[in-house]
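*Asks:* Here you go, this is protein_3.cif (mmCIF, C-alpha atoms).
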data_entry
#
loop_
_atom_site.label_atom_id
_atom_site.label_comp_id
_atom_site.auth_asym_id
_atom_site.auth_seq_id
_atom_site.Cartn_x
_atom_site.Cartn_y
_atom_site.Cartn_z
CA MET A 1 16.50 -44.27 -4.29
CA TYR A 2 15.99 -40.60 -5.06
CA ASN A 3 19.43 -39.49 -3.99
CA ASP A 4 19.53 -36.09 -5.68
CA LEU A 5 16.31 -34.93 -4.04
CA ASP A 6 16.89 -32.57 -1.14
CA PRO A 7 16.51 -34.88 1.93
CA LEU A 8 15.21 -31.98 3.99
CA LEU A 9 12.26 -31.49 1.67
CA HIS A 10 11.80 -35.15 0.80
CA SER A 11 9.64 -35.78 3.84
CA GLN A 12 5.86 -35.62 3.80
CA LEU A 13 5.40 -33.19 6.68
CA ARG A 14 8.30 -30.87 5.86
CA LEU A 15 7.24 -30.79 2.21
CA ALA A 16 3.66 -29.92 3.22
CA ILE A 17 4.93 -27.12 5.50
CA ILE A 18 7.23 -25.63 2.87
CA SER A 19 4.47 -25.88 0.20
CA MET A 20 2.10 -23.89 2.43
CA LEU A 21 4.77 -21.28 3.04
CA VAL A 22 5.56 -20.95 -0.66
CA ALA A 23 1.91 -20.12 -1.26
CA SER A 24 1.78 -17.37 1.36
CA GLU A 25 3.70 -14.58 3.00
CA LYS A 26 3.25 -15.65 6.64
CA VAL A 27 1.41 -18.58 8.21
CA GLU A 28 0.52 -19.19 11.84
CA PHE A 29 1.75 -22.40 13.49
CA THR A 30 -1.81 -23.37 14.50
CA HIS A 31 -2.94 -23.14 10.87
CA ILE A 32 -0.20 -25.58 9.81
CA GLN A 33 -1.27 -27.87 12.63
CA SER A 34 -4.92 -27.85 11.54
CA GLU A 35 -4.06 -28.32 7.86
CA THR A 36 -1.55 -31.16 8.30
CA LYS A 37 -3.36 -32.81 11.26
CA ALA A 38 0.11 -33.59 12.68
CA ALA A 39 1.07 -33.39 16.35
CA ALA A 40 2.38 -30.03 17.57
CA GLY A 41 5.61 -31.64 18.84
CA ASN A 42 6.31 -33.29 15.50
CA ILE A 43 5.65 -30.04 13.62
CA SER A 44 8.00 -28.19 15.98
CA ILE A 45 10.79 -30.69 15.27
CA GLN A 46 10.34 -30.38 11.49
CA ILE A 47 10.17 -26.60 11.70
CA LYS A 48 13.43 -26.54 13.66
CA LYS A 49 15.13 -28.62 10.95
CA LEU A 50 13.87 -26.29 8.22
CA GLU A 51 14.89 -23.24 10.25
CA GLU A 52 18.39 -24.60 10.89
CA ALA A 53 18.79 -25.17 7.15
CA GLY A 54 17.84 -21.53 6.58
CA TYR A 55 14.74 -22.48 4.58
CA ILE A 56 12.23 -20.77 6.85
CA LYS A 57 12.05 -17.94 9.38
CA VAL A 58 10.24 -18.33 12.69
CA LEU A 59 8.74 -15.20 14.19
CA LYS A 60 7.60 -15.46 17.78
CA SER A 61 5.30 -12.80 19.19
CA TYR A 62 2.15 -12.36 21.28
CA LYS A 63 -1.40 -12.28 19.94
CA ASN A 64 -4.37 -11.62 22.24
CA ASN A 65 -1.95 -12.06 25.19
CA TYR A 66 -0.97 -15.57 24.05
CA PRO A 67 2.34 -16.66 22.47
CA ASN A 68 2.02 -16.78 18.71
CA THR A 69 4.39 -18.37 16.18
CA MET A 70 4.40 -17.20 12.58
CA LEU A 71 6.41 -18.88 9.83
CA SER A 72 7.65 -17.54 6.54
CA ILE A 73 9.84 -18.94 3.79
CA THR A 74 13.28 -17.48 3.03
CA ASP A 75 14.83 -16.91 -0.41
CA LYS A 76 17.01 -19.96 0.24
CA GLY A 77 13.85 -21.95 0.99
CA VAL A 78 12.18 -20.82 -2.24
CA LYS A 79 15.26 -21.81 -4.26
CA ALA A 80 15.43 -25.20 -2.52
CA PHE A 81 11.73 -25.78 -3.22
CA GLU A 82 12.13 -24.82 -6.88
CA SER A 83 15.11 -27.11 -7.34
CA TYR A 84 13.23 -29.92 -5.54
CA VAL A 85 10.25 -29.53 -7.89
CA ASN A 86 12.58 -29.44 -10.93
CA SER A 87 14.23 -32.66 -9.76
CA LEU A 88 10.81 -34.26 -9.34
CA LYS A 89 9.90 -33.26 -12.90
CA LYS A 90 13.07 -34.98 -14.16
CA TYR A 91 12.01 -38.20 -12.45
CA LEU A 92 8.56 -38.00 -13.97
CA ASN A 93 9.74 -36.95 -17.44
CA PRO A 94 13.34 -38.27 -17.75
CA LYS A 95 13.54 -37.45 -21.50
CA LYS A 96 13.08 -33.68 -20.97
CA MET B 1 1.55 -37.41 8.83
CA GLU B 2 5.12 -38.51 8.31
CA LYS B 3 6.66 -40.42 5.45
CA ASN B 4 10.20 -40.02 4.20
CA ASP B 5 10.33 -42.46 1.26
CA LEU B 6 8.03 -40.56 -1.06
CA THR B 7 7.81 -41.31 -4.76
CA PRO B 8 7.85 -38.26 -7.09
CA GLU B 9 4.10 -38.73 -7.63
CA GLU B 10 3.48 -38.74 -3.88
CA SER B 11 5.63 -35.64 -3.48
CA PHE B 12 3.62 -33.79 -6.12
CA ASP B 13 0.47 -34.97 -4.41
CA VAL B 14 1.64 -33.49 -1.06
CA ILE B 15 2.49 -30.18 -2.76
CA ASN B 16 -0.82 -30.07 -4.65
CA LYS B 17 -2.88 -30.83 -1.57
CA ALA B 18 -1.04 -28.25 0.55
CA ILE B 19 -1.59 -25.54 -2.07
CA ALA B 20 -5.13 -26.57 -3.06
CA ASN B 21 -6.31 -26.58 0.57
CA PHE B 22 -4.88 -23.13 0.95
CA LYS B 23 -8.02 -21.26 -0.01
CA ILE B 24 -8.10 -17.75 1.28
CA ASN B 25 -11.39 -16.29 2.34
CA TYR B 26 -11.86 -12.72 1.21
CA LYS B 27 -15.25 -12.26 2.85
CA GLU B 28 -13.57 -10.15 5.54
CA SER B 29 -12.49 -7.66 2.85
CA SER B 30 -16.15 -6.90 2.22
CA LYS B 31 -16.20 -4.95 5.50
CA VAL B 32 -13.63 -2.49 4.15
CA PHE B 33 -15.55 -1.96 0.89
CA LEU B 34 -18.82 -1.51 2.80
CA LEU B 35 -17.23 0.94 5.22
CA TRP B 36 -15.80 3.14 2.46
CA GLY B 37 -18.88 2.64 0.28
CA TRP B 38 -21.13 4.05 3.01
CA MET B 39 -18.76 6.78 4.18
CA LEU B 40 -18.10 8.14 0.71
CA THR B 41 -21.73 7.78 -0.43
CA LEU B 42 -22.82 9.81 2.62
CA ALA B 43 -20.09 12.35 1.82
CA SER B 44 -21.18 12.71 -1.80
CA VAL B 45 -24.89 12.93 -0.91
CA SER B 46 -24.12 15.66 1.63
CA ASN B 47 -22.02 17.32 -1.07
CA PHE B 48 -25.06 17.28 -3.40
CA ILE B 49 -27.34 18.68 -0.67
CA LEU B 50 -24.89 21.46 0.05
CA LEU B 51 -24.55 22.38 -3.61
CA LYS B 52 -28.22 22.09 -4.49
CA PHE B 53 -30.02 23.45 -1.50
CA VAL B 54 -27.72 25.68 0.48
CA HIS B 55 -28.02 28.71 -1.81
CA SER B 56 -27.65 31.16 0.97
CA MET B 57 -24.12 30.10 1.73
CA GLU B 58 -22.14 32.58 -0.29
CA PRO B 59 -19.55 33.41 -1.39
CA TRP B 60 -18.68 30.28 -3.42
CA VAL B 61 -15.25 29.99 -1.73
CA LEU B 62 -16.93 29.50 1.66
CA LYS B 63 -19.24 26.85 0.17
CA GLY B 64 -16.19 25.14 -1.36
CA TYR B 65 -14.47 24.95 2.01
CA VAL B 66 -17.62 23.52 3.64
CA ILE B 67 -17.82 20.82 0.93
CA LEU B 68 -14.12 19.99 1.27
CA GLY B 69 -14.56 19.94 5.05
CA SER B 70 -17.50 17.53 4.86
CA TRP B 71 -15.48 15.14 2.66
CA ALA B 72 -12.51 15.41 5.04
CA LEU B 73 -14.78 14.67 8.01
CA PHE B 74 -16.28 11.52 6.49
CA ILE B 75 -12.84 10.32 5.34
CA LEU B 76 -11.40 10.92 8.82
CA ILE B 77 -14.26 8.96 10.42
CA GLY B 78 -13.65 6.21 7.83
CA PHE B 79 -9.96 5.98 8.71
CA ILE B 80 -10.68 5.83 12.46
CA ILE B 81 -13.22 3.00 12.01
CA MET B 82 -10.88 1.20 9.59
CA TYR B 83 -7.98 1.35 12.06
CA PHE B 84 -9.97 -0.58 14.67
CA MET B 85 -11.53 -2.87 12.04
CA VAL B 86 -8.14 -3.90 10.59
CA ARG B 87 -6.71 -4.37 14.08
CA ARG B 88 -9.54 -6.77 14.92
CA MET B 89 -9.22 -8.58 11.57
CA ASN B 90 -5.47 -9.11 12.11
CA ARG B 91 -6.15 -10.67 15.51
CA THR B 92 -8.06 -13.55 13.93
CA LYS B 93 -6.00 -13.87 10.76
CA LYS B 94 -3.87 -17.02 10.59
CA VAL B 95 -2.56 -16.76 7.05
CA HIS B 96 -1.09 -13.69 5.40
CA SER B 97 -1.06 -14.42 1.69
CA HIS B 98 1.00 -12.73 -1.02
CA ILE B 99 -2.30 -11.51 -2.46
CA ASP B 100 -3.20 -9.82 0.85
CA LYS B 101 0.13 -8.04 0.79
CA PHE B 102 -0.32 -6.97 -2.83
CA ILE B 103 -3.82 -5.60 -2.13
CA ASP B 104 -2.57 -3.76 0.96
CA TYR B 105 0.21 -2.13 -1.07
CA LEU B 106 -2.19 -1.30 -3.90
CA TRP B 107 -4.57 0.59 -1.60
CA TRP B 108 -1.77 2.23 0.39
CA VAL B 109 -0.53 3.67 -2.91
CA THR B 110 -4.07 4.53 -4.05
CA ALA B 111 -4.95 6.48 -0.87
CA PRO B 112 -2.32 9.23 -1.39
CA SER B 113 -3.17 9.20 -5.12
CA PHE B 114 -6.66 10.46 -4.19
CA ILE B 115 -5.14 13.31 -2.19
CA ILE B 116 -2.68 14.21 -4.96
CA ALA B 117 -5.46 14.05 -7.58
CA THR B 118 -7.63 16.38 -5.47
CA PHE B 119 -4.74 18.82 -5.11
CA ILE B 120 -4.05 18.76 -8.87
CA CYS B 121 -7.74 19.35 -9.67
CA ILE B 122 -8.02 22.27 -7.24
CA LYS B 123 -4.82 23.76 -8.63
CA LEU B 124 -6.05 23.40 -12.22
CA GLY B 125 -9.54 24.62 -11.32
CA ILE B 126 -11.34 21.46 -12.46
CA ALA B 127 -13.84 19.28 -10.60
CA PRO B 128 -12.10 16.31 -8.88
CA PRO B 129 -14.77 13.53 -9.31
CA PRO B 130 -13.84 12.27 -12.81
CA LEU B 131 -10.20 11.82 -11.82
CA MET B 132 -11.08 10.36 -8.40
CA LEU B 133 -13.43 7.83 -9.98
CA LEU B 134 -10.72 6.87 -12.46
CA VAL B 135 -8.22 6.21 -9.64
CA ALA B 136 -10.87 4.26 -7.66
CA GLY B 137 -11.64 2.26 -10.81
CA ILE B 138 -8.02 1.22 -11.31
CA ALA B 139 -7.59 -0.01 -7.71
CA THR B 140 -11.02 -1.65 -7.43
CA THR B 141 -10.84 -3.45 -10.79
CA THR B 142 -7.33 -4.71 -9.98
CA THR B 143 -8.50 -5.95 -6.55
CA GLY B 144 -11.47 -7.74 -8.16
CA LEU B 145 -9.21 -9.40 -10.73
CA VAL B 146 -6.64 -10.46 -8.15
CA ILE B 147 -9.14 -12.01 -5.72
CA LYS B 148 -11.08 -13.41 -8.71
CA PHE B 149 -14.38 -11.90 -7.60
CA ARG B 150 -16.29 -10.86 -10.71
CA PRO B 151 -18.83 -8.48 -9.10
CA LEU B 152 -15.94 -6.40 -7.72
CA THR B 153 -14.19 -6.39 -11.10
CA ILE B 154 -17.41 -5.25 -12.80
CA GLY B 155 -18.04 -2.72 -10.00
CA GLY B 156 -14.51 -1.41 -10.48
CA MET B 157 -15.03 -1.10 -14.22
CA SER B 158 -18.28 0.79 -13.63
CA PHE B 159 -16.11 3.52 -12.02
CA PHE B 160 -14.57 4.11 -15.47
CA VAL B 161 -18.03 4.60 -17.01
CA PHE B 162 -19.08 6.94 -14.18
CA SER B 163 -15.77 8.78 -14.48
CA VAL B 164 -16.59 9.69 -18.10
CA ALA B 165 -20.29 10.32 -17.27
CA ALA B 166 -19.28 12.79 -14.54
CA THR B 167 -17.73 15.07 -17.17
CA PHE B 168 -21.14 15.54 -18.85
CA VAL B 169 -23.03 16.88 -15.84
CA THR B 170 -22.93 20.05 -13.76
CA ASN B 171 -21.00 20.20 -10.47
CA GLU B 172 -24.01 19.52 -8.23
CA TYR B 173 -25.15 16.46 -10.22
CA MET B 174 -21.55 15.24 -10.34
CA ALA B 175 -21.98 14.45 -6.62
CA LEU B 176 -24.93 12.20 -7.49
CA VAL B 177 -22.89 10.46 -10.20
CA VAL B 178 -20.23 9.81 -7.54
CA SER B 179 -22.91 8.35 -5.22
CA ALA B 180 -24.16 6.06 -7.99
CA ALA B 181 -20.57 5.01 -8.75
CA LEU B 182 -19.93 4.17 -5.08
CA ILE B 183 -23.12 2.12 -4.86
CA CYS B 184 -22.18 0.14 -8.01
CA GLY B 185 -18.44 -0.02 -7.31
CA TYR B 186 -18.24 -0.56 -3.54
CA LEU B 187 -21.61 -1.24 -1.92
CA ILE B 188 -23.18 -3.82 -4.27
CA PRO B 189 -19.91 -5.84 -4.66
CA GLY B 190 -19.31 -5.41 -0.91
CA TYR B 191 -22.66 -6.96 0.03
CA LEU B 192 -22.22 -9.70 -2.62
CA LEU B 193 -18.76 -10.50 -1.21
CA LYS B 194 -20.19 -10.57 2.32
CA THR B 195 -22.79 -13.15 1.34
CA ALA B 196 -20.52 -15.12 -1.03
CA LYS B 197 -19.96 -18.78 -0.20
CA GLU B 198 -16.14 -18.64 -0.39
#
Can the structure in the file be given as structure tokens, please?
*Replies:*
Amino acid sequence: MYNDLDPLLHSQLRLAIISMLVASEKVEFTHIQSETKAAAGNISIQIKKLEEAGYIKVLKSYKNNYPNTMLSITDKGVKAFESYVNSLKKYLNPKK
Amino acid sequence: MEKNDLTPEESFDVINKAIANFKINYKESSKVFLLWGWMLTLASVSNFILLKFVHSMEPWVLKGYVILGSWALFILIGFIIMYFMVRRMNRTKKVHSHIDKFIDYLWWVTAPSFIIATFICIKLGIAPPPLMLLVAGIATTTTGLVIKFRPLTIGGMSFFVFSVAATFVTNEYMALVVSAALICGYLIPGYLLKTAKE
């Protein structure tokens, strides 16, 4: 129905992830998990899709001797998010 | 949480919720203000004691070096404590916001500004406190405005008042004006931030 909306962002979980990343510089994987209440495996799949599209960057490191995954949005991701929001606005206010 | 046939309203709702739930807690920052508030207040009080009561320490140049040395000592202790404090804070931090980054940059630029201002004042033969308080006021007020914490904004603005007030008193009482400024600008907002709900 909403064909011109970016299919990568037009998904509840991916949109929630990208929205969190737009609002911050870096976010830990576990924080996304606690905020979205989604399963870790599902989040990992969505993150991989966003990473492959070049929308986000995944930084793997160690924190307190445990593996730690940090996510951040790329310039391409910000542009995609902006164009997605603009498309949404057109649907809501078609006259503008 | 997975739905791929969102309506525009639902999409906006997802975005709004994700951003609205993204409240950043700045209570941890209070530790940094309290650390520097105490360190610099102790430095300025010791400065006052040295100026007021250590008459025997002459010539003036020697006294000047002792005062500068006492400030340097407290600042060095402050930096050592802050290094370990920030390291521990980063271990528990899950979100690094744009505001965090901005505040970090602001204070990393402010720190050398204090050193440069001190150098300029010594070179020009004027007392550093008014200029130092002005620099502290700019950074503290900006931090208060950015994190939307009014006591810190007001505390930061009080530095401007103390900066002007410091020009009306003698060198020894200038140290007391600095102490008062640090209590109003760092310590009171620091304790209020520590006990703040969010």
*Asks:* For chain A, which residues have at least one atom within 9 Å of chain B, if we go by only C-alpha atoms? Write them as a PDB file with C-alpha atoms, in the frame of the given file, please.
*Replies:*
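And here is the file that came out, iface23.pdb:
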ATOM      1  CA  MET A   1      16.500 -44.270  -4.290  1.00  0.00           C
ATOM      2  CA  TYR A   2      15.990 -40.600  -5.060  1.00  0.00           C
ATOM      3  CA  PRO A   7      16.510 -34.880   1.930  1.00  0.00           C
ATOM      4  CA  HIS A  10      11.800 -35.150   0.800  1.00  0.00           C
ATOM      5  CA  SER A  11       9.640 -35.780   3.840  1.00  0.00           C
ATOM      6  CA  GLN A  12       5.860 -35.620   3.800  1.00  0.00           C
ATOM      7  CA  LEU A  13       5.400 -33.190   6.680  1.00  0.00           C
ATOM      8  CA  ARG A  14       8.300 -30.870   5.860  1.00  0.00           C
ATOM      9  CA  LEU A  15       7.240 -30.790   2.210  1.00  0.00           C
ATOM     10  CA  ALA A  16       3.660 -29.920   3.220  1.00  0.00           C
ATOM     11  CA  ILE A  17       4.930 -27.120   5.500  1.00  0.00           C
ATOM     12  CA  ILE A  18       7.230 -25.630   2.870  1.00  0.00           C
ATOM     13  CA  SER A  19       4.470 -25.880   0.200  1.00  0.00           C
ATOM     14  CA  MET A  20       2.100 -23.890   2.430  1.00  0.00           C
ATOM     15  CA  VAL A  22       5.560 -20.950  -0.660  1.00  0.00           C
ATOM     16  CA  ALA A  23       1.910 -20.120  -1.260  1.00  0.00           C
ATOM     17  CA  SER A  24       1.780 -17.370   1.360  1.00  0.00           C
ATOM     18  CA  GLU A  25       3.700 -14.580   3.000  1.00  0.00           C
ATOM     19  CA  LYS A  26       3.250 -15.650   6.640  1.00  0.00           C
ATOM     20  CA  VAL A  27       1.410 -18.580   8.210  1.00  0.00           C
ATOM     21  CA  GLU A  28       0.520 -19.190  11.840  1.00  0.00           C
ATOM     22  CA  PHE A  29       1.750 -22.400  13.490  1.00  0.00           C
ATOM     23  CA  THR A  30      -1.810 -23.370  14.500  1.00  0.00           C
ATOM     24  CA  HIS A  31      -2.940 -23.140  10.870  1.00  0.00           C
ATOM     25  CA  GLU A  35      -4.060 -28.320   7.860  1.00  0.00           C
ATOM     26  CA  THR A  36      -1.550 -31.160   8.300  1.00  0.00           C
ATOM     27  CA  LYS A  37      -3.360 -32.810  11.260  1.00  0.00           C
ATOM     28  CA  ALA A  38       0.110 -33.590  12.680  1.00  0.00           C
ATOM     29  CA  ALA A  39       1.070 -33.390  16.350  1.00  0.00           C
ATOM     30  CA  ASN A  42       6.310 -33.290  15.500  1.00  0.00           C
ATOM     31  CA  LYS A  63      -1.400 -12.280  19.940  1.00  0.00           C
ATOM     32  CA  ASN A  64      -4.370 -11.620  22.240  1.00  0.00           C
ATOM     33  CA  MET A  70       4.400 -17.200  12.580  1.00  0.00           C
ATOM     34  CA  VAL A  85      10.250 -29.530  -7.890  1.00  0.00           C
ATOM     35  CA  SER A  87      14.230 -32.660  -9.760  1.00  0.00           C
ATOM     36  CA  LEU A  88      10.810 -34.260  -9.340  1.00  0.00           C
ATOM     37  CA  LYS A  89       9.900 -33.260 -12.900  1.00  0.00           C
ATOM     38  CA  TYR A  91      12.010 -38.200 -12.450  1.00  0.00           C
ATOM     39  CA  LEU A  92       8.560 -38.000 -13.970  1.00  0.00           C
TER      40      LEU A  92
END
*Asks:* Just want the 8 Å neighbourhood of B:Phe48, counted on all atoms listed in the file, with same-chain residues fewer than 5 positions away dropped. Output as number ranges by chain.
*Replies:* B: 172-173, 175-176
*Asks:* Mind dumping the selected residues with C-alpha atoms as a short mmCIF file (atom, residue, chain, number, x, y, z; two decimals), in the coordinates of the input?
*Replies:*
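For reference, again.cif as written:
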data_model
loop_
_atom_site.label_atom_id
_atom_site.label_comp_id
_atom_site.auth_asym_id
_atom_site.auth_seq_id
_atom_site.Cartn_x
_atom_site.Cartn_y
_atom_site.Cartn_z
CA GLU B 172 -24.01 19.52 -8.23
CA TYR B 173 -25.15 16.46 -10.22
CA ALA B 175 -21.98 14.45 -6.62
CA LEU B 176 -24.93 12.20 -7.49
#
*Asks:* Could you jot down the atom CA of B:Leu145 to atom CA of B:Phe102 separation for me, Å, one decimal place?
*Replies:*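 Spanning atom CA of B:Leu145 to atom CA of B:Phe102 is a straight-line distance of 12.1 Å.
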*Asks:* Distance atom CA of B:Ile154-atom CA of B:Ala136, one decimal place?
*Replies:*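 Calculated distance between atom CA of B:Ile154 and atom CA of B:Ala136 is 12.6 Å.
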*Asks:* Pick out the residues sitting within 12 Å of B:Val178, and hand them over as an MDAnalysis selection string; count all atoms listed in the file, and ignore anything fewer than 5 positions along from it in its own chain.
*Replies:* chainID B and resid 37 40:48 127:134 136:137 158:167 169 171:173 183:186
*Asks:* Anything within 9 Å of (-17.1, -3.2, 2.8): list those residues as a count of residues only, counting all atoms listed in the file and sticking to the file's coordinates.
*Replies:* 18
*Asks:* Could you jot down the atom CA of B:Phe79 to atom CA of B:Ala139 separation for me, Å, one decimal place?
*Replies:*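 For atom CA of B:Phe79 relative to atom CA of B:Ala139, the distance reads 17.6 Å.
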*Asks:* Complete the atom set of stretch 145-161 of chain B to N, CA and C atoms and return it as an mmCIF file, in the coordinates of the input.
*Replies:*
data_model
loop_
_atom_site.group_PDB
_atom_site.id
_atom_site.type_symbol
_atom_site.label_atom_id
_atom_site.label_comp_id
_atom_site.auth_asym_id
_atom_site.auth_seq_id
_atom_site.Cartn_x
_atom_site.Cartn_y
_atom_site.Cartn_z
ATOM 1 N N LEU B 145 -9.898 -8.424 -9.878
ATOM 2 C CA LEU B 145 -9.210 -9.400 -10.730
ATOM 3 C C LEU B 145 -8.298 -10.302 -9.905
ATOM 4 N N VAL B 146 -7.600 -9.703 -8.955
ATOM 5 C CA VAL B 146 -6.640 -10.460 -8.150
ATOM 6 C C VAL B 146 -7.339 -11.468 -7.235
ATOM 7 N N ILE B 147 -8.458 -11.055 -6.608
ATOM 8 C CA ILE B 147 -9.140 -12.010 -5.720
ATOM 9 C C ILE B 147 -10.161 -12.861 -6.494
ATOM 10 N N LYS B 148 -10.215 -12.637 -7.808
ATOM 11 C CA LYS B 148 -11.080 -13.410 -8.710
ATOM 12 C C LYS B 148 -12.544 -13.325 -8.274
ATOM 13 N N PHE B 149 -12.990 -12.101 -7.980
ATOM 14 C CA PHE B 149 -14.380 -11.900 -7.600
ATOM 15 C C PHE B 149 -15.017 -10.974 -8.649
ATOM 16 N N ARG B 150 -15.788 -11.583 -9.545
ATOM 17 C CA ARG B 150 -16.290 -10.860 -10.710
ATOM 18 C C ARG B 150 -17.134 -9.621 -10.371
ATOM 19 N N PRO B 151 -18.051 -9.683 -9.390
ATOM 20 C CA PRO B 151 -18.830 -8.480 -9.100
ATOM 21 C C PRO B 151 -17.955 -7.260 -8.752
ATOM 22 N N LEU B 152 -16.843 -7.515 -8.069
ATOM 23 C CA LEU B 152 -15.940 -6.400 -7.720
ATOM 24 C C LEU B 152 -15.215 -5.890 -8.968
ATOM 25 N N THR B 153 -14.849 -6.800 -9.857
ATOM 26 C CA THR B 153 -14.190 -6.390 -11.100
ATOM 27 C C THR B 153 -15.163 -5.530 -11.923
ATOM 28 N N ILE B 154 -16.411 -6.001 -12.032
ATOM 29 C CA ILE B 154 -17.410 -5.250 -12.800
ATOM 30 C C ILE B 154 -17.700 -3.911 -12.117
ATOM 31 N N GLY B 155 -17.820 -3.956 -10.774
ATOM 32 C CA GLY B 155 -18.040 -2.720 -10.000
ATOM 33 C C GLY B 155 -16.904 -1.740 -10.234
ATOM 34 N N GLY B 156 -15.684 -2.254 -10.235
ATOM 35 C CA GLY B 156 -14.510 -1.410 -10.480
ATOM 36 C C GLY B 156 -14.544 -0.797 -11.865
ATOM 37 N N MET B 157 -14.966 -1.612 -12.837
ATOM 38 C CA MET B 157 -15.030 -1.100 -14.220
ATOM 39 C C MET B 157 -16.149 -0.064 -14.378
ATOM 40 N N SER B 158 -17.192 -0.194 -13.538
ATOM 41 C CA SER B 158 -18.280 0.790 -13.630
ATOM 42 C C SER B 158 -17.764 2.186 -13.227
ATOM 43 N N PHE B 159 -16.706 2.218 -12.386
ATOM 44 C CA PHE B 159 -16.110 3.520 -12.020
ATOM 45 C C PHE B 159 -15.608 4.250 -13.274
ATOM 46 N N PHE B 160 -15.083 3.487 -14.240
ATOM 47 C CA PHE B 160 -14.570 4.110 -15.470
ATOM 48 C C PHE B 160 -15.717 4.778 -16.242
ATOM 49 N N VAL B 161 -16.860 4.066 -16.301
ATOM 50 C CA VAL B 161 -18.030 4.600 -17.010
ATOM 51 C C VAL B 161 -18.520 5.865 -16.300
#
